[in-house]
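Dumped target-v1.cif below, it's mmCIF, C-alpha atoms:
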```
data_final
loop_
_atom_site.label_atom_id
_atom_site.label_comp_id
_atom_site.auth_asym_id
_atom_site.auth_seq_id
_atom_site.Cartn_x
_atom_site.Cartn_y
_atom_site.Cartn_z
CA MET A 1 -65.33 68.55 -106.50
CA GLU A 2 -63.42 65.28 -106.08
CA PHE A 3 -61.00 64.08 -108.75
CA LYS A 4 -59.84 60.55 -109.40
CA PRO A 5 -56.04 60.66 -108.88
CA LEU A 6 -54.17 61.13 -112.15
CA THR A 7 -51.99 58.22 -113.22
CA CYS A 8 -49.50 57.47 -115.95
CA GLY A 9 -48.48 53.82 -116.45
CA ASP A 10 -47.61 52.24 -113.10
CA GLN A 11 -46.34 55.46 -111.48
CA PRO A 12 -48.01 56.07 -108.11
CA LYS A 13 -47.99 59.88 -108.46
CA ILE A 14 -47.57 62.23 -111.41
CA ARG A 15 -44.81 64.77 -110.75
CA PHE A 16 -45.45 68.35 -111.85
CA LEU A 17 -43.20 71.34 -112.46
CA VAL A 18 -45.23 74.56 -112.07
CA VAL A 19 -43.84 77.64 -113.82
CA ASP A 20 -45.40 81.07 -113.33
CA ASP A 21 -43.98 84.44 -112.32
CA SER A 22 -46.92 85.02 -109.99
CA VAL A 23 -46.46 83.42 -106.58
CA PHE A 24 -50.21 83.46 -106.13
CA ALA A 25 -50.84 81.74 -109.49
CA ARG A 26 -48.27 79.07 -108.66
CA LYS A 27 -49.90 78.44 -105.27
CA ASN A 28 -53.28 78.20 -106.93
CA ILE A 29 -52.08 75.76 -109.61
CA CYS A 30 -50.19 73.68 -107.02
CA LYS A 31 -53.38 73.42 -104.99
CA MET A 32 -55.23 72.10 -108.06
CA VAL A 33 -52.42 69.65 -108.86
CA GLU A 34 -52.64 68.25 -105.33
CA ALA A 35 -56.42 67.97 -105.66
CA PHE A 36 -55.79 65.92 -108.84
CA GLY A 37 -53.57 63.53 -106.85
CA GLY A 38 -50.32 64.90 -108.34
CA GLU A 39 -47.07 65.79 -106.63
CA ILE A 40 -45.15 69.07 -106.98
CA ALA A 41 -41.63 68.22 -108.22
CA GLY A 42 -40.66 71.89 -108.36
CA GLU A 43 -41.68 75.47 -108.99
CA ALA A 44 -40.07 78.21 -111.08
CA GLY A 45 -40.80 81.91 -111.58
CA ASP A 46 -39.37 82.42 -115.08
CA GLY A 47 -38.31 80.51 -118.18
CA LEU A 48 -34.63 80.32 -117.29
CA ALA A 49 -35.35 78.89 -113.85
CA ALA A 50 -37.80 76.45 -115.47
CA ILE A 51 -35.08 74.97 -117.70
CA SER A 52 -32.80 74.50 -114.72
CA LYS A 53 -35.60 73.02 -112.56
CA TYR A 54 -36.60 70.68 -115.36
CA ASN A 55 -33.06 69.30 -115.58
CA ASP A 56 -32.91 68.91 -111.79
CA THR A 57 -36.29 67.28 -111.27
CA LEU A 58 -37.24 65.62 -114.59
CA PRO A 59 -40.98 66.00 -113.96
CA ASP A 60 -43.69 64.04 -115.75
CA ILE A 61 -45.45 67.21 -116.80
CA VAL A 62 -44.75 70.95 -116.86
CA LEU A 63 -47.43 73.61 -116.44
CA MET A 64 -45.89 76.69 -118.07
CA ASP A 65 -47.00 80.33 -118.09
CA ILE A 66 -46.13 82.41 -121.17
CA THR A 67 -45.62 86.03 -120.11
CA MET A 68 -42.72 85.99 -117.65
CA PRO A 69 -39.60 88.06 -116.97
CA LYS A 70 -36.06 86.95 -117.99
CA MET A 71 -37.30 84.30 -120.44
CA GLU A 72 -40.85 83.79 -121.66
CA GLY A 73 -42.57 80.42 -121.51
CA ILE A 74 -42.53 79.69 -125.25
CA GLU A 75 -38.76 80.12 -125.43
CA ALA A 76 -38.33 77.92 -122.37
CA VAL A 77 -40.46 75.23 -124.06
CA GLU A 78 -38.14 75.31 -127.06
CA HIS A 79 -35.06 74.80 -124.87
CA ILE A 80 -36.61 72.04 -122.76
CA VAL A 81 -38.00 70.12 -125.74
CA HIS A 82 -34.68 70.48 -127.58
CA ASP A 83 -32.91 68.72 -124.69
CA HIS A 84 -35.80 66.43 -123.71
CA PRO A 85 -37.87 65.61 -126.81
CA LYS A 86 -40.42 63.66 -124.76
CA ALA A 87 -41.05 66.52 -122.33
CA CYS A 88 -44.74 66.93 -121.65
CA ILE A 89 -45.57 70.65 -121.37
CA VAL A 90 -48.98 72.32 -121.04
CA MET A 91 -49.11 76.10 -121.46
CA VAL A 92 -51.23 77.93 -118.86
CA SER A 93 -51.63 81.60 -119.72
CA SER A 94 -54.15 84.41 -119.69
CA VAL A 95 -52.93 85.47 -123.14
CA GLY A 96 -54.72 82.99 -125.39
CA TYR A 97 -54.31 84.33 -128.89
CA GLN A 98 -53.73 82.12 -131.88
CA ASP A 99 -50.15 83.21 -132.59
CA ASN A 100 -49.11 82.35 -129.05
CA ILE A 101 -50.88 79.01 -129.06
CA LEU A 102 -49.50 78.02 -132.46
CA SER A 103 -46.02 79.12 -131.55
CA ALA A 104 -46.10 77.14 -128.28
CA LEU A 105 -47.40 74.03 -130.04
CA GLN A 106 -44.79 74.37 -132.79
CA LYS A 107 -42.06 74.55 -130.17
CA GLY A 108 -43.30 71.32 -128.62
CA ALA A 109 -45.98 72.17 -126.05
CA ARG A 110 -48.77 69.59 -125.94
CA HIS A 111 -51.75 71.74 -125.00
CA PHE A 112 -52.90 75.19 -123.96
CA VAL A 113 -55.15 76.28 -121.08
CA GLN A 114 -56.36 79.85 -120.73
CA LYS A 115 -56.56 81.55 -117.31
CA PRO A 116 -58.66 81.81 -115.26
CA VAL A 117 -58.28 78.05 -115.06
CA LYS A 118 -61.39 75.95 -114.49
CA PRO A 119 -60.30 72.92 -112.42
CA GLU A 120 -62.60 70.44 -114.19
CA ALA A 121 -61.37 71.39 -117.68
CA PHE A 122 -57.77 71.55 -116.46
CA TYR A 123 -58.01 68.04 -115.04
CA GLU A 124 -59.39 66.66 -118.31
CA ILE A 125 -56.64 68.32 -120.36
CA ILE A 126 -53.90 66.96 -118.11
CA ARG A 127 -55.47 63.52 -118.21
CA TYR A 128 -55.62 63.67 -122.01
CA VAL A 129 -52.02 64.83 -122.35
CA LEU A 130 -50.81 62.11 -119.98
CA SER A 131 -52.76 59.46 -121.89
CA GLU A 132 -50.86 60.49 -125.03
CA ASN A 133 -47.62 60.14 -123.13
CA THR A 134 -47.76 56.50 -122.15
CA GLU A 135 -44.01 55.90 -122.40
CA PRO A 136 -42.08 56.21 -119.11
CA ALA A 137 -40.55 59.57 -118.22
CA PRO A 138 -36.79 60.02 -118.81
CA THR A 139 -34.65 58.78 -115.94
CA THR A 140 -31.37 60.58 -116.49
CA ALA A 141 -30.61 64.26 -116.12
CA GLY A 142 -29.13 66.33 -118.94
CA GLY A 143 -31.15 64.84 -121.78
CA ALA A 144 -30.17 63.94 -125.32
CA MET B 1 -59.28 107.09 -128.31
CA ASN B 2 -60.91 104.39 -130.42
CA MET B 3 -63.60 103.15 -128.02
CA ALA B 4 -63.67 99.78 -129.78
CA LEU B 5 -60.35 99.20 -128.05
CA ILE B 6 -62.00 99.61 -124.64
CA GLN B 7 -64.84 97.09 -124.93
CA PRO B 8 -62.60 94.00 -124.60
CA PHE B 9 -61.27 95.33 -121.29
CA ILE B 10 -64.82 95.80 -119.97
CA ASN B 11 -65.84 92.30 -121.10
CA SER B 12 -62.72 90.70 -119.66
CA LEU B 13 -62.89 92.40 -116.30
CA ASP B 14 -66.48 91.27 -115.84
CA ALA B 15 -65.67 87.71 -117.00
CA VAL B 16 -62.58 87.35 -114.79
CA ILE B 17 -64.26 88.80 -111.69
CA SER B 18 -67.27 86.57 -112.28
CA GLU B 19 -65.09 83.45 -112.66
CA THR B 20 -62.69 84.12 -109.80
CA MET B 21 -64.77 86.05 -107.24
CA ARG B 22 -68.18 84.63 -108.17
CA CYS B 23 -69.77 88.08 -108.40
CA SER B 24 -70.53 90.59 -111.12
CA ALA B 25 -68.64 93.80 -111.85
CA ARG B 26 -71.11 96.51 -112.86
CA ILE B 27 -69.68 99.36 -114.89
CA ALA B 28 -70.56 102.52 -112.96
CA ASP B 29 -68.65 105.30 -114.67
CA VAL B 30 -66.51 106.05 -117.74
CA THR B 31 -64.46 109.25 -117.83
CA MET B 32 -61.70 110.70 -120.00
CA GLU B 33 -58.72 111.72 -117.89
CA ASP B 34 -55.99 114.17 -118.67
CA GLY B 35 -54.30 114.58 -115.30
CA MET B 36 -51.87 112.44 -113.37
CA TYR B 37 -53.10 109.04 -112.27
CA GLN B 38 -54.08 108.90 -108.57
CA ARG B 39 -53.88 105.41 -107.10
CA THR B 40 -56.92 104.37 -105.04
CA GLY B 41 -55.93 101.08 -103.41
CA VAL B 42 -53.88 98.11 -104.58
CA ALA B 43 -52.87 98.56 -108.21
CA ALA B 44 -50.90 96.76 -110.92
CA LEU B 45 -49.68 98.05 -114.27
CA VAL B 46 -49.25 96.23 -117.59
CA THR B 47 -47.56 97.70 -120.65
CA LEU B 48 -48.33 96.74 -124.24
CA SER B 49 -46.14 97.16 -127.29
CA GLY B 50 -46.89 96.51 -130.96
CA ASP B 51 -49.95 97.57 -133.01
CA ILE B 52 -51.39 98.94 -129.77
CA GLU B 53 -49.03 100.61 -127.33
CA GLY B 54 -49.47 102.05 -123.88
CA ARG B 55 -50.27 100.97 -120.38
CA ILE B 56 -53.23 99.78 -118.36
CA ILE B 57 -53.55 100.07 -114.59
CA LEU B 58 -55.99 97.92 -112.63
CA ASP B 59 -56.66 99.46 -109.24
CA MET B 60 -58.83 97.86 -106.54
CA ASP B 61 -59.94 99.91 -103.56
CA SER B 62 -59.21 98.40 -100.16
CA ASP B 63 -62.66 96.77 -99.77
CA ALA B 64 -62.50 95.13 -103.19
CA ALA B 65 -58.87 94.05 -102.71
CA SER B 66 -59.73 92.46 -99.34
CA GLN B 67 -62.69 90.68 -100.87
CA ALA B 68 -60.56 89.42 -103.79
CA ALA B 69 -57.84 88.22 -101.42
CA SER B 70 -60.40 86.45 -99.29
CA ASP B 71 -62.19 84.85 -102.27
CA LEU B 72 -59.09 83.81 -104.17
CA SER B 73 -56.77 82.74 -101.38
CA GLU B 74 -59.48 81.23 -99.18
CA ILE B 75 -57.89 82.84 -96.15
CA THR B 76 -60.07 84.12 -93.34
CA GLY B 77 -59.53 87.50 -91.75
CA PRO B 78 -57.84 90.50 -93.31
CA PRO B 79 -55.22 89.49 -95.92
CA SER B 80 -51.64 90.70 -95.67
CA GLU B 81 -50.61 93.56 -97.94
CA GLU B 82 -48.33 91.14 -99.78
CA THR B 83 -51.18 88.69 -100.43
CA ALA B 84 -53.46 91.47 -101.67
CA ARG B 85 -50.73 92.69 -104.05
CA GLU B 86 -50.07 89.22 -105.44
CA ILE B 87 -53.76 88.67 -106.04
CA VAL B 88 -54.36 92.04 -107.70
CA CYS B 89 -51.33 91.40 -109.90
CA GLU B 90 -52.68 88.03 -111.00
CA LEU B 91 -56.19 89.42 -111.57
CA THR B 92 -54.61 92.15 -113.72
CA ASN B 93 -52.69 89.53 -115.65
CA MET B 94 -55.90 87.61 -116.35
CA VAL B 95 -57.98 90.69 -117.28
CA ILE B 96 -55.35 92.12 -119.63
CA GLY B 97 -54.50 88.69 -121.06
CA ASN B 98 -58.13 88.00 -121.90
CA SER B 99 -58.55 91.53 -123.33
CA VAL B 100 -55.57 91.30 -125.65
CA THR B 101 -56.76 87.89 -126.80
CA GLN B 102 -60.00 89.53 -127.96
CA LEU B 103 -58.08 92.40 -129.59
CA ASN B 104 -55.82 89.91 -131.35
CA ASP B 105 -58.94 88.24 -132.80
CA ARG B 106 -59.67 91.63 -134.41
CA GLY B 107 -56.28 91.70 -136.10
CA TYR B 108 -54.07 93.55 -133.62
CA ASN B 109 -50.68 92.06 -132.84
CA PHE B 110 -48.68 93.04 -129.82
CA ARG B 111 -46.59 91.96 -126.92
CA VAL B 112 -47.84 91.99 -123.33
CA HIS B 113 -45.28 92.66 -120.64
CA PRO B 114 -45.58 91.03 -117.20
CA PRO B 115 -47.69 92.97 -114.67
CA GLU B 116 -45.89 95.10 -112.12
CA ILE B 117 -47.25 96.23 -108.79
CA PHE B 118 -47.89 99.95 -108.91
CA LEU B 119 -46.73 101.35 -105.59
CA ILE B 120 -46.49 105.09 -106.11
CA ASP B 121 -49.54 107.18 -105.17
CA VAL B 122 -49.53 109.37 -108.24
CA GLY B 123 -48.59 107.84 -111.56
CA PRO B 124 -47.83 109.03 -115.06
CA ARG B 125 -50.51 110.54 -117.27
CA GLY B 126 -51.01 109.11 -120.76
CA THR B 127 -48.52 110.18 -123.39
CA LEU B 128 -49.34 113.00 -125.80
CA ASP B 129 -50.77 110.54 -128.32
CA SER B 130 -52.56 108.37 -125.73
CA GLU B 131 -55.78 109.67 -124.25
CA THR B 132 -56.65 108.04 -120.97
CA VAL B 133 -59.97 106.41 -120.15
CA LEU B 134 -60.89 105.64 -116.56
CA LEU B 135 -63.51 102.94 -116.04
CA ARG B 136 -65.04 102.42 -112.61
CA PHE B 137 -66.68 99.10 -111.82
CA GLU B 138 -68.73 98.40 -108.71
CA LEU B 139 -68.47 95.05 -106.97
CA PRO B 140 -70.74 93.91 -104.13
CA LYS B 141 -67.93 95.17 -101.86
CA GLY B 142 -65.84 98.06 -103.13
CA ALA B 143 -64.79 99.24 -106.56
CA VAL B 144 -62.29 98.40 -109.27
CA TYR B 145 -60.77 100.97 -111.62
CA LEU B 146 -59.24 100.37 -115.03
CA ASN B 147 -57.10 103.24 -116.21
CA ILE B 148 -56.34 102.70 -119.89
CA ALA B 149 -53.87 104.84 -121.81
CA VAL B 150 -53.24 103.19 -125.17
CA HIS B 151 -53.03 104.22 -128.81
CA GLU B 152 -53.01 102.23 -132.01
CA HIS B 153 -50.46 102.62 -134.74
CA SER B 154 -52.04 104.09 -137.85
CA ASP B 155 -50.72 101.24 -140.01
CA ALA B 156 -52.25 98.52 -137.79
CA LEU B 157 -54.47 96.27 -139.89
CA VAL B 158 -57.76 95.77 -138.13
CA GLU B 159 -60.84 93.79 -139.03
CA SER B 160 -64.14 95.45 -138.24
CA PRO B 161 -65.61 94.24 -134.96
CA VAL B 162 -68.51 91.84 -135.47
#
```

Represent the structure of the file as C-alpha coordinates.
Amino acid sequence: MEFKPLTCGDQPKIRFLVVDDSVFARKNICKMVEAFGGEIAGEAGDGLAAISKYNDTLPDIVLMDITMPKMEGIEAVEHIVHDHPKACIVMVSSVGYQDNILSALQKGARHFVQKPVKPEAFYEIIRYVLSENTEPAPTTAGGA
Amino acid sequence: MNMALIQPFINSLDAVISETMRCSARIADVTMEDGMYQRTGVAALVTLSGDIEGRIILDMDSDAASQAASDLSEITGPPSEETAREIVCELTNMVIGNSVTQLNDRGYNFRVHPPEIFLIDVGPRGTLDSETVLLRFELPKGAVYLNIAVHEHSDALVESPV
(Lines of atoms letter the chains of each structure in order from A and count residues from 1; the text may use other names and numbers.)
(Lines give C-alpha, C1' and ligand atoms only; values in the text may rest on other atoms or scores of the structure.)
Protein backbone atom coordinates (compact mmCIF):
# COMPACT_ATOMS: atom_id res chain seq x y z
CA MET A 1 0.00 0.00 0.00
CA GLU A 2 1.23 3.50 -0.86
CA PHE A 3 1.08 6.30 1.71
CA LYS A 4 1.01 10.02 1.07
CA PRO A 5 4.16 11.36 2.79
CA LEU A 6 3.44 12.66 6.28
CA THR A 7 3.93 16.38 6.78
CA CYS A 8 3.85 18.85 9.63
CA GLY A 9 3.76 22.56 8.76
CA ASP A 10 6.40 23.35 6.14
CA GLN A 11 8.86 20.64 7.24
CA PRO A 12 9.95 18.47 4.31
CA LYS A 13 10.25 15.28 6.41
CA ILE A 14 8.94 14.26 9.82
CA ARG A 15 11.76 13.03 12.06
CA PHE A 16 11.05 9.98 14.22
CA LEU A 17 12.72 8.50 17.29
CA VAL A 18 11.93 4.77 17.50
CA VAL A 19 12.22 3.17 20.95
CA ASP A 20 11.87 -0.57 21.43
CA ASP A 21 14.06 -3.18 23.13
CA SER A 22 13.51 -5.57 20.22
CA VAL A 23 15.89 -4.95 17.32
CA PHE A 24 13.44 -6.68 15.02
CA ALA A 25 10.52 -4.51 16.19
CA ARG A 26 12.59 -1.36 15.69
CA LYS A 27 13.54 -2.45 12.16
CA ASN A 28 9.92 -3.19 11.39
CA ILE A 29 8.69 0.17 12.71
CA CYS A 30 11.51 2.03 10.92
CA LYS A 31 10.46 0.35 7.68
CA MET A 32 6.89 1.59 8.18
CA VAL A 33 8.09 5.10 9.06
CA GLU A 34 10.07 5.22 5.82
CA ALA A 35 7.03 3.98 3.89
CA PHE A 36 5.11 6.91 5.44
CA GLY A 37 7.72 9.34 4.09
CA GLY A 38 9.32 9.93 7.52
CA GLU A 39 12.97 10.04 8.50
CA ILE A 40 14.60 8.11 11.35
CA ALA A 41 16.25 10.65 13.68
CA GLY A 42 17.38 7.93 16.06
CA GLU A 43 16.72 4.59 17.70
CA ALA A 44 16.89 3.49 21.33
CA GLY A 45 16.54 0.13 23.08
CA ASP A 46 15.34 1.27 26.52
CA GLY A 47 13.80 4.23 28.30
CA LEU A 48 17.07 5.68 29.57
CA ALA A 49 18.62 5.65 26.10
CA ALA A 50 15.40 7.19 24.74
CA ILE A 51 15.72 10.23 27.02
CA SER A 52 19.31 10.75 25.94
CA LYS A 53 18.48 10.25 22.23
CA TYR A 54 15.56 12.65 22.50
CA ASN A 55 17.83 15.37 23.88
CA ASP A 56 20.40 14.71 21.15
CA THR A 57 18.03 14.55 18.19
CA LEU A 58 14.90 16.54 19.18
CA PRO A 59 12.62 14.46 16.93
CA ASP A 60 9.17 15.53 15.78
CA ILE A 61 7.61 12.36 17.10
CA VAL A 62 8.61 9.44 19.32
CA LEU A 63 7.28 5.91 18.89
CA MET A 64 7.76 4.34 22.33
CA ASP A 65 7.44 0.74 23.52
CA ILE A 66 6.32 0.17 27.13
CA THR A 67 7.91 -3.04 28.42
CA MET A 68 11.66 -2.49 28.24
CA PRO A 69 14.70 -3.17 30.43
CA LYS A 70 16.47 -0.45 32.49
CA MET A 71 13.57 2.01 32.25
CA GLU A 72 10.08 1.32 30.95
CA GLY A 73 8.44 3.47 28.30
CA ILE A 74 5.90 5.17 30.56
CA GLU A 75 8.60 6.42 32.91
CA ALA A 76 10.65 7.64 29.94
CA VAL A 77 7.58 9.56 28.68
CA GLU A 78 7.31 11.30 32.04
CA HIS A 79 10.96 12.41 31.91
CA ILE A 80 10.84 13.55 28.29
CA VAL A 81 7.58 15.47 28.69
CA HIS A 82 8.85 17.07 31.90
CA ASP A 83 11.82 18.50 29.99
CA HIS A 84 10.02 19.01 26.66
CA PRO A 85 6.33 19.72 27.31
CA LYS A 86 5.55 19.77 23.59
CA ALA A 87 7.09 16.35 22.95
CA CYS A 88 4.89 14.26 20.71
CA ILE A 89 4.97 10.63 21.87
CA VAL A 90 2.92 7.66 20.64
CA MET A 91 3.07 4.46 22.68
CA VAL A 92 3.49 1.27 20.64
CA SER A 93 3.12 -1.83 22.79
CA SER A 94 1.68 -5.32 22.79
CA VAL A 95 0.44 -4.75 26.35
CA GLY A 96 -2.71 -2.72 25.76
CA TYR A 97 -4.54 -2.72 29.05
CA GLN A 98 -6.41 0.27 30.36
CA ASP A 99 -4.09 1.02 33.28
CA ASN A 100 -1.09 1.21 30.97
CA ILE A 101 -2.87 3.36 28.41
CA LEU A 102 -4.25 5.74 31.03
CA SER A 103 -0.93 5.99 32.79
CA ALA A 104 0.90 6.74 29.52
CA LEU A 105 -1.65 9.38 28.54
CA GLN A 106 -1.51 10.95 32.01
CA LYS A 107 2.26 11.21 31.74
CA GLY A 108 1.93 13.04 28.43
CA ALA A 109 1.78 10.45 25.63
CA ARG A 110 -0.56 11.49 22.82
CA HIS A 111 -1.83 8.13 21.62
CA PHE A 112 -1.51 4.38 21.96
CA VAL A 113 -1.11 1.68 19.28
CA GLN A 114 -1.26 -2.01 20.12
CA LYS A 115 1.09 -4.53 18.47
CA PRO A 116 0.94 -6.20 16.05
CA VAL A 117 0.83 -2.85 14.30
CA LYS A 118 -1.37 -2.49 11.23
CA PRO A 119 0.39 0.00 8.90
CA GLU A 120 -2.83 1.68 7.70
CA ALA A 121 -4.10 2.35 11.24
CA PHE A 122 -0.62 3.37 12.40
CA TYR A 123 -0.35 5.90 9.58
CA GLU A 124 -3.72 7.45 10.44
CA ILE A 125 -2.83 7.74 14.13
CA ILE A 126 0.50 9.42 13.38
CA ARG A 127 -1.20 11.76 10.94
CA TYR A 128 -3.81 12.65 13.57
CA VAL A 129 -1.23 13.24 16.29
CA LEU A 130 0.86 15.43 13.97
CA SER A 131 -2.21 17.43 12.98
CA GLU A 132 -2.76 18.23 16.67
CA ASN A 133 0.84 19.35 16.91
CA THR A 134 0.88 22.16 14.39
CA GLU A 135 3.39 24.31 16.27
CA PRO A 136 7.04 23.92 15.17
CA ALA A 137 9.22 21.40 17.01
CA PRO A 138 11.66 22.75 19.63
CA THR A 139 14.96 23.90 18.19
CA THR A 140 17.26 23.87 21.19
CA ALA A 141 18.58 20.90 23.12
CA GLY A 142 18.09 20.53 26.87
CA GLY A 143 14.51 21.77 27.04
CA ALA A 144 12.76 23.96 29.58
CA MET B 1 -4.66 -24.62 37.00
CA ASN B 2 -7.63 -22.37 36.29
CA MET B 3 -8.19 -23.10 32.59
CA ALA B 4 -9.88 -19.72 32.15
CA LEU B 5 -6.37 -18.32 32.43
CA ILE B 6 -5.26 -20.33 29.39
CA GLN B 7 -7.89 -19.26 26.85
CA PRO B 8 -6.46 -15.74 26.32
CA PHE B 9 -3.10 -17.27 25.38
CA ILE B 10 -4.77 -19.53 22.80
CA ASN B 11 -6.76 -16.61 21.35
CA SER B 12 -3.73 -14.33 21.24
CA LEU B 13 -1.39 -16.82 19.64
CA ASP B 14 -3.88 -17.47 16.86
CA ALA B 15 -4.55 -13.73 16.37
CA VAL B 16 -0.86 -12.76 16.32
CA ILE B 17 0.16 -15.58 13.96
CA SER B 18 -2.75 -14.75 11.69
CA GLU B 19 -1.83 -11.04 11.61
CA THR B 20 1.92 -11.42 11.22
CA MET B 21 2.35 -14.68 9.28
CA ARG B 22 -0.97 -14.61 7.42
CA CYS B 23 -1.82 -18.18 8.40
CA SER B 24 -3.83 -19.91 11.09
CA ALA B 25 -2.48 -21.69 14.16
CA ARG B 26 -4.59 -24.77 14.86
CA ILE B 27 -4.48 -26.06 18.40
CA ALA B 28 -3.42 -29.71 18.13
CA ASP B 29 -2.76 -30.83 21.68
CA VAL B 30 -3.11 -29.72 25.31
CA THR B 31 -1.23 -31.61 28.02
CA MET B 32 -0.43 -31.10 31.69
CA GLU B 33 3.30 -31.32 32.32
CA ASP B 34 5.13 -32.08 35.51
CA GLY B 35 8.67 -32.68 34.26
CA MET B 36 11.44 -30.37 33.19
CA TYR B 37 10.79 -28.25 30.13
CA GLN B 38 12.51 -29.58 26.97
CA ARG B 39 13.14 -26.90 24.36
CA THR B 40 12.12 -27.85 20.81
CA GLY B 41 13.48 -25.06 18.61
CA VAL B 42 13.80 -21.30 19.08
CA ALA B 43 12.20 -20.25 22.36
CA ALA B 44 11.60 -17.10 24.42
CA LEU B 45 10.45 -16.77 28.02
CA VAL B 46 8.32 -14.08 29.66
CA THR B 47 7.73 -13.78 33.40
CA LEU B 48 4.66 -12.26 35.01
CA SER B 49 4.30 -10.85 38.51
CA GLY B 50 1.23 -9.57 40.34
CA ASP B 51 -2.23 -11.18 40.64
CA ILE B 52 -0.95 -13.88 38.28
CA GLU B 53 2.63 -15.03 38.66
CA GLY B 54 4.79 -17.43 36.73
CA ARG B 55 6.38 -17.81 33.35
CA ILE B 56 5.37 -18.59 29.79
CA ILE B 57 7.68 -20.04 27.15
CA LEU B 58 6.88 -19.75 23.45
CA ASP B 59 8.85 -22.32 21.49
CA MET B 60 8.83 -22.59 17.68
CA ASP B 61 10.27 -25.67 16.02
CA SER B 62 12.85 -25.02 13.32
CA ASP B 63 10.34 -25.17 10.42
CA ALA B 64 7.97 -22.72 12.08
CA ALA B 65 10.80 -20.40 13.16
CA SER B 66 12.19 -20.34 9.60
CA GLN B 67 8.75 -19.60 8.22
CA ALA B 68 8.21 -16.81 10.76
CA ALA B 69 11.61 -15.31 9.99
CA SER B 70 10.89 -15.44 6.30
CA ASP B 71 7.38 -13.97 6.63
CA LEU B 72 8.26 -11.23 9.10
CA SER B 73 11.67 -10.13 7.88
CA GLU B 74 10.92 -10.58 4.18
CA ILE B 75 14.32 -12.17 3.71
CA THR B 76 14.76 -14.97 1.22
CA GLY B 77 16.67 -18.11 2.04
CA PRO B 78 17.30 -19.56 5.47
CA PRO B 79 17.36 -16.86 8.19
CA SER B 80 20.33 -16.48 10.51
CA GLU B 81 19.98 -17.89 14.02
CA GLU B 82 20.10 -14.32 15.34
CA THR B 83 17.23 -13.21 13.09
CA ALA B 84 15.11 -16.21 14.08
CA ARG B 85 15.72 -15.46 17.77
CA GLU B 86 14.80 -11.79 17.41
CA ILE B 87 11.61 -12.69 15.60
CA VAL B 88 10.54 -15.39 18.05
CA CYS B 89 11.22 -12.94 20.88
CA GLU B 90 9.02 -10.28 19.30
CA LEU B 91 6.25 -12.79 18.49
CA THR B 92 6.38 -13.88 22.15
CA ASN B 93 6.14 -10.27 23.24
CA MET B 94 3.05 -9.76 21.09
CA VAL B 95 1.34 -13.02 22.12
CA ILE B 96 1.91 -12.49 25.84
CA GLY B 97 1.11 -8.77 25.63
CA ASN B 98 -2.21 -9.45 23.94
CA SER B 99 -2.98 -12.27 26.41
CA VAL B 100 -2.36 -10.18 29.50
CA THR B 101 -4.47 -7.41 28.01
CA GLN B 102 -7.39 -9.85 27.88
CA LEU B 103 -6.67 -11.07 31.42
CA ASN B 104 -6.52 -7.48 32.65
CA ASP B 105 -10.00 -6.93 31.18
CA ARG B 106 -11.13 -9.70 33.55
CA GLY B 107 -9.75 -7.88 36.56
CA TYR B 108 -6.22 -9.25 36.91
CA ASN B 109 -3.42 -6.77 37.47
CA PHE B 110 0.19 -7.64 36.91
CA ARG B 111 3.50 -6.65 35.49
CA VAL B 112 4.96 -8.21 32.35
CA HIS B 113 8.72 -8.47 32.18
CA PRO B 114 10.56 -8.17 28.84
CA PRO B 115 10.95 -11.44 26.90
CA GLU B 116 14.26 -13.24 27.12
CA ILE B 117 15.63 -15.73 24.63
CA PHE B 118 15.59 -19.17 26.18
CA LEU B 119 18.84 -20.84 25.17
CA ILE B 120 19.19 -23.83 27.47
CA ASP B 121 17.86 -27.16 26.20
CA VAL B 122 16.14 -28.18 29.40
CA GLY B 123 14.41 -25.54 31.46
CA PRO B 124 12.81 -25.25 34.87
CA ARG B 125 9.59 -27.06 35.70
CA GLY B 126 6.71 -25.05 37.17
CA THR B 127 6.95 -24.19 40.83
CA LEU B 128 5.14 -26.29 43.43
CA ASP B 129 2.07 -24.05 43.22
CA SER B 130 2.17 -23.65 39.42
CA GLU B 131 0.97 -26.54 37.31
CA THR B 132 2.27 -26.41 33.78
CA VAL B 133 0.15 -26.62 30.65
CA LEU B 134 1.75 -27.36 27.30
CA LEU B 135 -0.21 -26.27 24.23
CA ARG B 136 0.87 -27.42 20.78
CA PHE B 137 -0.28 -25.45 17.75
CA GLU B 138 0.18 -26.58 14.17
CA LEU B 139 1.06 -24.07 11.48
CA PRO B 140 1.11 -24.83 7.74
CA LYS B 141 4.85 -25.39 8.27
CA GLY B 142 5.96 -26.66 11.67
CA ALA B 143 4.61 -26.27 15.18
CA VAL B 144 4.54 -23.73 17.99
CA TYR B 145 4.46 -24.67 21.68
CA LEU B 146 3.24 -22.55 24.56
CA ASN B 147 4.43 -23.80 27.91
CA ILE B 148 2.47 -21.97 30.61
CA ALA B 149 3.32 -22.25 34.30
CA VAL B 150 1.32 -19.62 36.17
CA HIS B 151 -0.79 -19.40 39.30
CA GLU B 152 -3.17 -16.76 40.56
CA HIS B 153 -3.05 -15.27 44.01
CA SER B 154 -6.08 -16.32 46.04
CA ASP B 155 -6.93 -12.70 46.85
CA ALA B 156 -6.96 -11.61 43.18
CA LEU B 157 -10.30 -10.00 42.37
CA VAL B 158 -11.62 -11.43 39.15
CA GLU B 159 -14.75 -10.76 37.17
CA SER B 160 -16.44 -13.79 35.66
CA PRO B 161 -15.51 -14.28 32.02
CA VAL B 162 -18.32 -13.27 29.66

Go through A:Val23, A:Cys8, A:Ile80, A:Val90 and flag the residue nearest Asn55 (chain A), using all atoms listed in the file for the distances. A:Ile80

CA of Ile89 (chain A) to CA of Gly97 (chain B), straight-line distance in Å: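 According to the coordinates, CA of Gly97 (chain B) and CA of Ile89 (chain A) are separated by 20.1 Å.
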
Evaluate the PyMOL selection byres ((chain A) within 7 of (chain B)) and record the selected residues as a VMD selection string, following the chain and residue labels used in the document. chain A and resid 22 to 25 67 to 69 94 to 97 115 to 116

From the set B:Ser70, B:Ile52, B:Lys141, B:Ile120, which residue has the shortest atom-to-atom contact distance to His153 (chain B), counting only C-alpha atoms? B:Ile52

Got a sec to resolve the PyMOL selection byres ((chain B and resi 44) around 6) on this structure and send the residues as a PyMOL selection string? chain B and resi 43+45+57-58+89+116-118
